[in-house]
Number of protein chains: 2
Amino acid sequence: MTKNLDLFFNPKSVAIIGASRNPQKIGHIVLKNFVEEGFAGKVFPVNPDADQILNLKSYPTVKDIHDDVDAAVILTPADVIAKILKDCGEKKIRAVTIISSGFKEIGSRGEKIESELKKIIEKYKINVIGPNCLGIFDTTSQVDMLFLPAYRLGRPQKGTIAFITQSGAFGSVILDWAAQEGFGISKFISYGNAIDIDEIDFLEYLGNDQETKVITVYLEGANRARELIEIGKKVSKIKPILCLKAGGSKRGAAATQSHTGSLAGSDEIYSAAFKQAGIIRVQTIEEMFDYARALATQPLMKGNRIAIITDGGGFGVMATDYAEQEGLIVEEVSEQTKKKMMKCTLPFATLHNPIDLTGSASSAMYRCALEATMADKNIDALLVILLFQPPNIESDVIAHLLEVKSKYQKPMLVCSAGGNYTQLHRDILERSGIPTYPTPDRAIKSLAILYKYTQIKAKQH
Amino acid sequence: MTKNLDLFFNPKSVAIIGASRNPQKIGHIVLKNFVEEGFAGKVFPVNPDADQILNLKSYPTVKDIHDDVDAAVILTPADVIAKILKDCGEKKIRAVTIISSGFKEIGSRGEKIESELKKIIEKYKINVIGPNCLGIFDTTSQVDMLFLPAYRLGRPQKGTIAFITQSGAFGSVILDWAAQEGFGISKFISYGNAIDIDEIDFLEYLGNDQETKVITVYLEGANRARELIEIGKKVSKIKPILCLKAGGSKRGAAATQSHTGSLAGSDEIYSAAFKQAGIIRVQTIEEMFDYARALATQPLMKGNRIAIITDGGGFGVMATDYAEQEGLIVEEVSEQTKKKMMKCTLPFATLHNPIDLTGSASSAMYRCALEATMADKNIDALLVILLFQPPNIESDVIAHLLEVKSKYQKPMLVCSAGGNYTQLHRDILERSGIPTYPTPDRAIKSLAILYKYTQIKAKQH
């Protein structure tokens, strides 16, 4: 049965169970998120020892709330949660997120509580996220269950990458990092022990989510392999899925068991299942977000022939090496393209692909070379290596890039490496929808993934 | 014959040929570097059209300077350089760097000038760096030939990593990046077309350089393969050499020819030669500096058994996976170590390696776990995963790390991922001599290289 997950992301009213007046406590931080960050629904603090928290009336239990309650977030110690969940069931709350830890990840005592919870879930037909998780952060509805203050855990801007994670810590790091790098997130989901809702439910839900263009997943172990393949196939037709599967090593697998209590399973089996499902497996965090940024912003890449434009010869050479390793072709540009470029580049520029405008290149030369190569029918995508150290490149080159990009339905990625001055320009590009990478290998691998997803999509249809 | 390269790095007097009064010109920027940045020797501007530049008397030619001149930097157009180099020869200047481009990299006309220069070099026994290069930046003597202003091209702090690059653009990017990341550099050398002095000469020189602990090289093609192996063997006994060799792909090789005019040669041959020479080949810029930072600061790693301490379970699992892939063993810690940790960690912490202090870990728990594992004879090196998102980690954990590290002769690397708050702490660690990586794969691969170099060193003896 497909679960109604929308209540988690777009509740009209939410109870914060374990809300606290103490600003240090997670029950305070989460309540504050809901009250102060733009969540449009009603918020009900639940705490038997308080009358009022953050100027809101506090209730002893959810059953004391007279309004309807769509969703609840539980932040109390594990021992009392069975009772609380039962209250939620009786109050007909359908979407409950249990943030608290102290369950199967700590051994038999926690396992016992979990089986109790499962019976309550069954009986009252509640949908539950968690326990032992960070819950949800939704940049549209501003549902924010993250119990860490923003100075420790930055909140990323609104965007189109969804991120599902089995590990809470992993998730918190990714959010914080995405906030700093300027990567936009649609929905963040940390689901922990997955007592009820798991990654497969979320995959299905996000497959239909209009806000989400790319789904990224951090997984230690999946319990429903067959469904993973089925749902993966269905969703990867619509949008790309990237998965970082950890716990593949012998000792790593043992460690996952004490971590999220899941069995990691054979690494080869996962690789085969992902392939069948059209899920793109990544090996590192960098890969996951490098690829996601490209997939979230760029059109499909119709073929594997790329052009490289550079103002640093060495970077052009390196990018060409990487392209060959990744199965991309650094195709010769047409004679017409060369002629166009000859009119506006330096006499000692190299107009063979990789096109080297040299360290004397100006912004205007970039503009001209960009126009010519984007229009070239031999070329399916463009890597622009844009080094800001050479003296004649000015900030206006950014405007040229954005303008040329907007005219063509072809992927364009940028590689820009260096210090603060570079970082300044990289941020502008990134926030304008042109993913910008600090090294040529990362940019080239991202182009290769754009091509790979185009193939996956074609195959699934 | 071994060349006397020391005059390039530590000249008592230097002539800047092509010095200019125009602040936009490279002849002005380079002169200014020498005058204003702490270079202790005498500086002579050479420009036939000026009497004085930056308050220094300017000379029509080097022959008009009455003092002895140890070194010269040439910044004039290519056409007039033969005449200037002859003047340098007659003035008995032994160390000449030609920054200017317009030589073999532009084709036959430039090649002709190069062969002229070679004859003059031969006749006057001059040592020449370049042409078509950035020359030298030495953080000790403050010889700074970089013709780009600091806002575009940051100058890194003093450190122990030397960097030799065939590509100027590549070099400029690396410097700028190193400046921002806080990586310390001893000497930077961009040698361009290598009309006289090449990477092998520099390798030999840096092998004996007291300021340099690690040598990094960006290479497109080497002309003296046999000598590369010989010198490599000699130097890698003393200190590690890391080499990023580009131009390995077919099209990349073609591109190097128009770039630095060198023949790239077969990629497999290079790999074999590097192996024989004890040179560690890297594939990406990130690898080069990830490894260099570890090698420059950490002691030899006597075996391949590592401990992982983390406050984020998922990161511990991932690091364990990567360790297995890289041939490192996540060894069980001793019973004694576990007992020590049990006294000061949380009851639900995992004390099996990877040691998971959990998201509730405090700075004091880190201190205790660090002490216990560093003292453990089963463990050859430590990876500390230190996530700053969890609520109980405070900045004092940095002091604990540094103190424990100082007591043991074992490598310790840190992985710390996240946004601004993390970056702040990462910078402190990095500048205190504990390399800190943003992802677990990069930290683990760096540990693996520490072990690899230990083996190389053992083999060469």
# chains A, B, ... in the order shown; residues from 1 in each chain; ligands from 1
$ residues_around --residues "stretch 412-429 of chain A" --least-positions-apart "6" --cutoff "9 Å" --atoms "only C-alpha atoms" --output "JSON, numbers by chain"
{"A": [181, 182, 294, 298, 374, 381, 382, 383, 384, 385, 386, 387, 388, 389, 395, 398, 401, 402, 405, 435, 436, 437, 438, 439, 440, 442, 443, 444, 446, 447], "B": [151, 152, 153, 154, 172, 173, 174, 175, 176, 177, 178, 179, 180, 181]}
$ write_last_selection --atoms "C-alpha atoms" --output "PDB file, in the first residue's frame"
ATOM      1  CA  GLU A 181      28.489  25.717  -1.254  1.00  0.00           C
ATOM      2  CA  GLY A 182      25.203  27.228  -2.369  1.00  0.00           C
ATOM      3  CA  ALA A 294      24.868  18.828 -13.100  1.00  0.00           C
ATOM      4  CA  GLN A 298      21.492  20.751 -17.291  1.00  0.00           C
ATOM      5  CA  MET A 374      27.632  25.896 -28.561  1.00  0.00           C
ATOM      6  CA  ALA A 381      28.207  19.538 -24.485  1.00  0.00           C
ATOM      7  CA  LEU A 382      30.739  22.085 -23.369  1.00  0.00           C
ATOM      8  CA  LEU A 383      33.321  22.208 -20.613  1.00  0.00           C
ATOM      9  CA  VAL A 384      34.438  25.771 -19.992  1.00  0.00           C
ATOM     10  CA  ILE A 385      37.676  25.980 -18.065  1.00  0.00           C
ATOM     11  CA  LEU A 386      37.701  29.504 -16.761  1.00  0.00           C
ATOM     12  CA  LEU A 387      40.764  30.460 -14.755  1.00  0.00           C
ATOM     13  CA  PHE A 388      40.642  33.890 -13.186  1.00  0.00           C
ATOM     14  CA  GLN A 389      44.374  34.194 -12.575  1.00  0.00           C
ATOM     15  CA  SER A 395      33.984  39.558 -14.113  1.00  0.00           C
ATOM     16  CA  ILE A 398      30.148  35.522 -16.178  1.00  0.00           C
ATOM     17  CA  LEU A 401      28.536  32.613 -20.078  1.00  0.00           C
ATOM     18  CA  LEU A 402      25.029  32.955 -18.746  1.00  0.00           C
ATOM     19  CA  LYS A 405      24.090  29.219 -22.092  1.00  0.00           C
ATOM     20  CA  PRO A 435      27.605  24.001 -11.939  1.00  0.00           C
ATOM     21  CA  THR A 436      31.198  25.023 -11.398  1.00  0.00           C
ATOM     22  CA  TYR A 437      33.887  22.587 -10.293  1.00  0.00           C
ATOM     23  CA  PRO A 438      37.265  23.272  -8.731  1.00  0.00           C
ATOM     24  CA  THR A 439      39.139  20.643 -10.759  1.00  0.00           C
ATOM     25  CA  PRO A 440      38.871  19.362 -14.344  1.00  0.00           C
ATOM     26  CA  ARG A 442      35.313  16.509 -11.311  1.00  0.00           C
ATOM     27  CA  ALA A 443      33.804  18.551 -14.141  1.00  0.00           C
ATOM     28  CA  ILE A 444      34.507  15.878 -16.750  1.00  0.00           C
ATOM     29  CA  SER A 446      29.943  15.139 -14.138  1.00  0.00           C
ATOM     30  CA  LEU A 447      29.574  15.552 -17.899  1.00  0.00           C
TER      31      LEU A 447
ATOM     32  CA  TYR B 151      44.226  39.655  -5.583  1.00  0.00           C
ATOM     33  CA  ARG B 152      44.160  37.419  -8.648  1.00  0.00           C
ATOM     34  CA  LEU B 153      46.938  35.124  -7.601  1.00  0.00           C
ATOM     35  CA  GLY B 154      47.306  34.688  -3.869  1.00  0.00           C
ATOM     36  CA  SER B 172      49.259  29.897 -10.949  1.00  0.00           C
ATOM     37  CA  VAL B 173      46.042  28.127 -10.064  1.00  0.00           C
ATOM     38  CA  ILE B 174      47.781  25.884  -7.578  1.00  0.00           C
ATOM     39  CA  LEU B 175      49.480  28.817  -5.858  1.00  0.00           C
ATOM     40  CA  ASP B 176      46.244  30.738  -5.606  1.00  0.00           C
ATOM     41  CA  TRP B 177      44.455  27.689  -4.255  1.00  0.00           C
ATOM     42  CA  ALA B 178      47.241  26.844  -1.790  1.00  0.00           C
ATOM     43  CA  ALA B 179      47.106  30.419  -0.513  1.00  0.00           C
ATOM     44  CA  GLN B 180      43.408  30.119   0.232  1.00  0.00           C
ATOM     45  CA  GLU B 181      43.581  26.639   1.731  1.00  0.00           C
TER      46      GLU B 181
END
$ select_by_dssp --residues "stretch 342-435 of chain B" --states "alpha helix (DSSP H)" --output "PyMOL selection string"
chain B and resi 342+363-375+396-407+420-431
$ write_last_selection --atoms "C-alpha atoms" --output "PDB file, in the first residue's frame"
ATOM      1  CA  MET B 342      34.952   2.552  28.433  1.00  0.00           C
ATOM      2  CA  SER B 363      35.429  17.080  23.358  1.00  0.00           C
ATOM      3  CA  ALA B 364      36.572  15.242  26.515  1.00  0.00           C
ATOM      4  CA  MET B 365      35.458  11.900  25.059  1.00  0.00           C
ATOM      5  CA  TYR B 366      37.512  12.582  21.960  1.00  0.00           C
ATOM      6  CA  ARG B 367      40.505  13.367  24.075  1.00  0.00           C
ATOM      7  CA  CYS B 368      40.188  10.102  25.951  1.00  0.00           C
ATOM      8  CA  ALA B 369      39.665   7.979  22.827  1.00  0.00           C
ATOM      9  CA  LEU B 370      42.571   9.722  21.089  1.00  0.00           C
ATOM     10  CA  GLU B 371      44.918   9.054  23.994  1.00  0.00           C
ATOM     11  CA  ALA B 372      43.928   5.417  24.212  1.00  0.00           C
ATOM     12  CA  THR B 373      44.234   4.612  20.496  1.00  0.00           C
ATOM     13  CA  MET B 374      47.439   6.564  19.905  1.00  0.00           C
ATOM     14  CA  ALA B 375      49.051   4.570  22.709  1.00  0.00           C
ATOM     15  CA  ASP B 396      38.518  22.934  22.705  1.00  0.00           C
ATOM     16  CA  VAL B 397      38.603  19.574  20.935  1.00  0.00           C
ATOM     17  CA  ILE B 398      41.239  21.154  18.674  1.00  0.00           C
ATOM     18  CA  ALA B 399      43.590  21.705  21.605  1.00  0.00           C
ATOM     19  CA  HIS B 400      43.089  18.088  22.687  1.00  0.00           C
ATOM     20  CA  LEU B 401      43.949  16.828  19.227  1.00  0.00           C
ATOM     21  CA  LEU B 402      47.093  18.908  19.021  1.00  0.00           C
ATOM     22  CA  GLU B 403      48.235  17.884  22.483  1.00  0.00           C
ATOM     23  CA  VAL B 404      47.708  14.155  21.988  1.00  0.00           C
ATOM     24  CA  LYS B 405      49.295  14.326  18.535  1.00  0.00           C
ATOM     25  CA  SER B 406      52.419  15.948  19.937  1.00  0.00           C
ATOM     26  CA  LYS B 407      52.995  13.058  22.323  1.00  0.00           C
ATOM     27  CA  ASN B 420      31.596  27.737   7.790  1.00  0.00           C
ATOM     28  CA  TYR B 421      31.767  26.592  11.401  1.00  0.00           C
ATOM     29  CA  THR B 422      33.625  23.467  10.316  1.00  0.00           C
ATOM     30  CA  GLN B 423      35.872  25.420   7.973  1.00  0.00           C
ATOM     31  CA  LEU B 424      36.974  27.634  10.829  1.00  0.00           C
ATOM     32  CA  HIS B 425      38.206  24.651  12.815  1.00  0.00           C
ATOM     33  CA  ARG B 426      39.635  22.897   9.782  1.00  0.00           C
ATOM     34  CA  ASP B 427      41.836  25.925   9.102  1.00  0.00           C
ATOM     35  CA  ILE B 428      43.220  25.885  12.626  1.00  0.00           C
ATOM     36  CA  LEU B 429      44.031  22.179  12.410  1.00  0.00           C
ATOM     37  CA  GLU B 430      45.581  22.548   8.974  1.00  0.00           C
ATOM     38  CA  ARG B 431      47.785  25.450  10.030  1.00  0.00           C
TER      39      ARG B 431
END
$ residues_around --residues "stretch 56-64 of chain B" --least-positions-apart "6" --cutoff "7 Å" --atoms "only C-alpha atoms" --output "PDB file with all heavy atoms, in the first residue's frame"
ATOM      1  N   PHE B  44      67.992  45.790  -9.706  1.00  0.00           N
ATOM      2  CA  PHE B  44      68.320  46.740 -10.776  1.00  0.00           C
ATOM      3  C   PHE B  44      67.279  46.667 -11.891  1.00  0.00           C
ATOM      4  O   PHE B  44      67.242  45.686 -12.637  1.00  0.00           O
ATOM      5  CB  PHE B  44      69.692  46.414 -11.381  1.00  0.00           C
ATOM      6  CG  PHE B  44      70.807  46.367 -10.380  1.00  0.00           C
ATOM      7  CD1 PHE B  44      71.358  45.149  -9.987  1.00  0.00           C
ATOM      8  CD2 PHE B  44      71.305  47.542  -9.826  1.00  0.00           C
ATOM      9  CE1 PHE B  44      72.398  45.101  -9.061  1.00  0.00           C
ATOM     10  CE2 PHE B  44      72.350  47.494  -8.894  1.00  0.00           C
ATOM     11  CZ  PHE B  44      72.903  46.275  -8.515  1.00  0.00           C
ATOM     12  N   PRO B  45      66.448  47.699 -12.024  1.00  0.00           N
ATOM     13  CA  PRO B  45      65.538  47.720 -13.170  1.00  0.00           C
ATOM     14  C   PRO B  45      66.329  47.968 -14.449  1.00  0.00           C
ATOM     15  O   PRO B  45      67.262  48.775 -14.452  1.00  0.00           O
ATOM     16  CB  PRO B  45      64.620  48.913 -12.877  1.00  0.00           C
ATOM     17  CG  PRO B  45      64.933  49.363 -11.488  1.00  0.00           C
ATOM     18  CD  PRO B  45      66.288  48.868 -11.150  1.00  0.00           C
ATOM     19  N   VAL B  46      65.965  47.298 -15.525  1.00  0.00           N
ATOM     20  CA  VAL B  46      66.607  47.533 -16.823  1.00  0.00           C
ATOM     21  C   VAL B  46      65.523  47.907 -17.826  1.00  0.00           C
ATOM     22  O   VAL B  46      64.580  47.125 -18.052  1.00  0.00           O
ATOM     23  CB  VAL B  46      67.385  46.286 -17.298  1.00  0.00           C
ATOM     24  CG1 VAL B  46      67.948  46.520 -18.706  1.00  0.00           C
ATOM     25  CG2 VAL B  46      68.502  45.949 -16.323  1.00  0.00           C
ATOM     26  N   ASN B  47      65.655  49.122 -18.376  1.00  0.00           N
ATOM     27  CA  ASN B  47      64.698  49.610 -19.366  1.00  0.00           C
ATOM     28  C   ASN B  47      65.338  50.813 -20.040  1.00  0.00           C
ATOM     29  O   ASN B  47      65.608  51.816 -19.381  1.00  0.00           O
ATOM     30  CB  ASN B  47      63.385  50.019 -18.663  1.00  0.00           C
ATOM     31  CG  ASN B  47      62.385  50.602 -19.652  1.00  0.00           C
ATOM     32  OD1 ASN B  47      62.739  51.032 -20.752  1.00  0.00           O
ATOM     33  ND2 ASN B  47      61.131  50.643 -19.240  1.00  0.00           N
ATOM     34  N   PRO B  48      65.601  50.732 -21.343  1.00  0.00           N
ATOM     35  CA  PRO B  48      66.314  51.824 -22.025  1.00  0.00           C
ATOM     36  C   PRO B  48      65.516  53.128 -22.063  1.00  0.00           C
ATOM     37  O   PRO B  48      66.090  54.191 -22.295  1.00  0.00           O
ATOM     38  CB  PRO B  48      66.531  51.273 -23.438  1.00  0.00           C
ATOM     39  CG  PRO B  48      65.600  50.129 -23.588  1.00  0.00           C
ATOM     40  CD  PRO B  48      65.311  49.609 -22.227  1.00  0.00           C
ATOM     41  N   ALA B  50      63.652  54.489 -19.548  1.00  0.00           N
ATOM     42  CA  ALA B  50      63.298  55.073 -18.252  1.00  0.00           C
ATOM     43  C   ALA B  50      64.567  55.382 -17.463  1.00  0.00           C
ATOM     44  O   ALA B  50      65.571  54.670 -17.577  1.00  0.00           O
ATOM     45  CB  ALA B  50      62.435  54.108 -17.457  1.00  0.00           C
ATOM     46  N   ASP B  87      73.842  40.016 -23.794  1.00  0.00           N
ATOM     47  CA  ASP B  87      74.272  41.015 -22.803  1.00  0.00           C
ATOM     48  C   ASP B  87      74.478  40.373 -21.433  1.00  0.00           C
ATOM     49  O   ASP B  87      75.460  40.632 -20.747  1.00  0.00           O
ATOM     50  CB  ASP B  87      73.208  42.124 -22.651  1.00  0.00           C
ATOM     51  CG  ASP B  87      73.202  43.077 -23.845  1.00  0.00           C
ATOM     52  OD1 ASP B  87      74.097  42.956 -24.713  1.00  0.00           O
ATOM     53  OD2 ASP B  87      72.285  43.926 -23.904  1.00  0.00           O
ATOM     54  N   CYS B  88      73.525  39.531 -21.033  1.00  0.00           N
ATOM     55  CA  CYS B  88      73.625  38.845 -19.732  1.00  0.00           C
ATOM     56  C   CYS B  88      74.896  37.994 -19.679  1.00  0.00           C
ATOM     57  O   CYS B  88      75.605  37.957 -18.666  1.00  0.00           O
ATOM     58  CB  CYS B  88      72.406  37.967 -19.476  1.00  0.00           C
ATOM     59  SG  CYS B  88      70.884  38.895 -19.177  1.00  0.00           S
ATOM     60  N   LYS B  91      77.849  40.157 -19.263  1.00  0.00           N
ATOM     61  CA  LYS B  91      77.857  40.703 -17.904  1.00  0.00           C
ATOM     62  C   LYS B  91      78.138  39.602 -16.862  1.00  0.00           C
ATOM     63  O   LYS B  91      78.209  39.856 -15.669  1.00  0.00           O
ATOM     64  CB  LYS B  91      76.478  41.361 -17.644  1.00  0.00           C
ATOM     65  CG  LYS B  91      76.257  41.967 -16.286  1.00  0.00           C
ATOM     66  CD  LYS B  91      77.127  43.192 -16.003  1.00  0.00           C
ATOM     67  CE  LYS B  91      76.966  43.627 -14.555  1.00  0.00           C
ATOM     68  NZ  LYS B  91      77.994  44.591 -14.141  1.00  0.00           N
TER      69      LYS B  91
END
$ closest_residue --among "A:Gly110, A:Gly433, A:Gly314, A:Gly327" --to "chain B" --atoms "only C-alpha atoms"
A:Gly314
$ closest_residue --among "A:Gln210, A:Asn132, A:Ser13, A:Thr165" --to "A:Glu105" --atoms "only C-alpha atoms"
A:Asn132
$ decode --residues "stretch 181-191 of chain A" --atoms "all heavy atoms" --output "tab-separated table (two decimals), in the first residue's frame"
chain	number	residue	atom	x	y	z
A	181	GLU	N	28.12	25.75	0.16
A	181	GLU	CA	28.49	25.72	-1.25
A	181	GLU	C	27.42	26.35	-2.14
A	181	GLU	O	27.65	26.55	-3.33
A	181	GLU	CB	28.73	24.27	-1.70
A	181	GLU	CG	29.85	23.56	-0.97
A	181	GLU	CD	31.23	24.03	-1.41
A	181	GLU	OE1	31.41	24.29	-2.61
A	181	GLU	OE2	32.12	24.17	-0.55
A	182	GLY	N	26.25	26.62	-1.56
A	182	GLY	CA	25.20	27.23	-2.37
A	182	GLY	C	24.43	26.23	-3.22
A	182	GLY	O	23.82	26.62	-4.22
A	183	PHE	N	24.45	24.94	-2.84
A	183	PHE	CA	23.66	23.95	-3.58
A	183	PHE	C	22.22	23.99	-3.07
A	183	PHE	O	21.98	23.93	-1.87
A	183	PHE	CB	24.17	22.52	-3.34
A	183	PHE	CG	25.63	22.35	-3.62
A	183	PHE	CD1	26.34	21.30	-3.03
A	183	PHE	CD2	26.32	23.21	-4.46
A	183	PHE	CE1	27.69	21.13	-3.28
A	183	PHE	CE2	27.67	23.05	-4.71
A	183	PHE	CZ	28.36	22.01	-4.11
A	184	GLY	N	21.28	24.07	-3.98
A	184	GLY	CA	19.88	24.14	-3.56
A	184	GLY	C	19.28	22.76	-3.32
A	184	GLY	O	19.49	21.82	-4.08
A	185	ILE	N	18.52	22.65	-2.25
A	185	ILE	CA	17.89	21.38	-1.83
A	185	ILE	C	16.37	21.55	-1.89
A	185	ILE	O	15.85	22.61	-1.53
A	185	ILE	CB	18.34	21.04	-0.39
A	185	ILE	CG1	19.85	20.81	-0.31
A	185	ILE	CG2	17.58	19.84	0.18
A	185	ILE	CD1	20.34	19.51	-0.91
A	186	SER	N	15.67	20.53	-2.34
A	186	SER	CA	14.20	20.57	-2.28
A	186	SER	C	13.74	19.99	-0.95
A	186	SER	O	13.11	20.68	-0.15
A	186	SER	CB	13.59	19.81	-3.47
A	186	SER	OG	14.04	18.47	-3.49
A	187	LYS	N	14.04	18.72	-0.74
A	187	LYS	CA	13.65	18.07	0.50
A	187	LYS	C	14.81	17.26	1.06
A	187	LYS	O	15.52	16.59	0.31
A	187	LYS	CB	12.47	17.12	0.25
A	187	LYS	CG	11.18	17.83	-0.10
A	187	LYS	CD	10.07	16.84	-0.43
A	187	LYS	CE	8.71	17.51	-0.44
A	187	LYS	NZ	8.56	18.54	-1.49
A	188	PHE	N	14.97	17.33	2.36
A	188	PHE	CA	15.98	16.53	3.05
A	188	PHE	C	15.24	15.55	3.95
A	188	PHE	O	14.33	15.95	4.68
A	188	PHE	CB	16.87	17.44	3.89
A	188	PHE	CG	17.71	16.69	4.89
A	188	PHE	CD1	18.92	16.14	4.53
A	188	PHE	CD2	17.27	16.54	6.21
A	188	PHE	CE1	19.70	15.45	5.46
A	188	PHE	CE2	18.04	15.85	7.15
A	188	PHE	CZ	19.25	15.31	6.76
A	189	ILE	N	15.63	14.28	3.89
A	189	ILE	CA	14.96	13.26	4.68
A	189	ILE	C	15.98	12.36	5.36
A	189	ILE	O	16.76	11.68	4.68
A	189	ILE	CB	14.05	12.37	3.79
A	189	ILE	CG1	13.03	13.22	3.03
A	189	ILE	CG2	13.37	11.30	4.65
A	189	ILE	CD1	12.49	12.52	1.79
A	190	SER	N	16.01	12.37	6.68
A	190	SER	CA	16.82	11.43	7.43
A	190	SER	C	15.86	10.47	8.12
A	190	SER	O	15.04	10.90	8.92
A	190	SER	CB	17.68	12.20	8.44
A	190	SER	OG	17.99	11.39	9.56
A	191	TYR	N	15.94	9.18	7.78
A	191	TYR	CA	14.89	8.25	8.24
A	191	TYR	C	15.37	7.20	9.22
A	191	TYR	O	14.58	6.35	9.68
A	191	TYR	CB	14.19	7.60	7.05
A	191	TYR	CG	15.09	6.73	6.20
A	191	TYR	CD1	15.20	5.36	6.43
A	191	TYR	CD2	15.83	7.28	5.16
A	191	TYR	CE1	16.02	4.57	5.65
A	191	TYR	CE2	16.65	6.49	4.38
A	191	TYR	CZ	16.74	5.14	4.63
A	191	TYR	OH	17.56	4.36	3.87
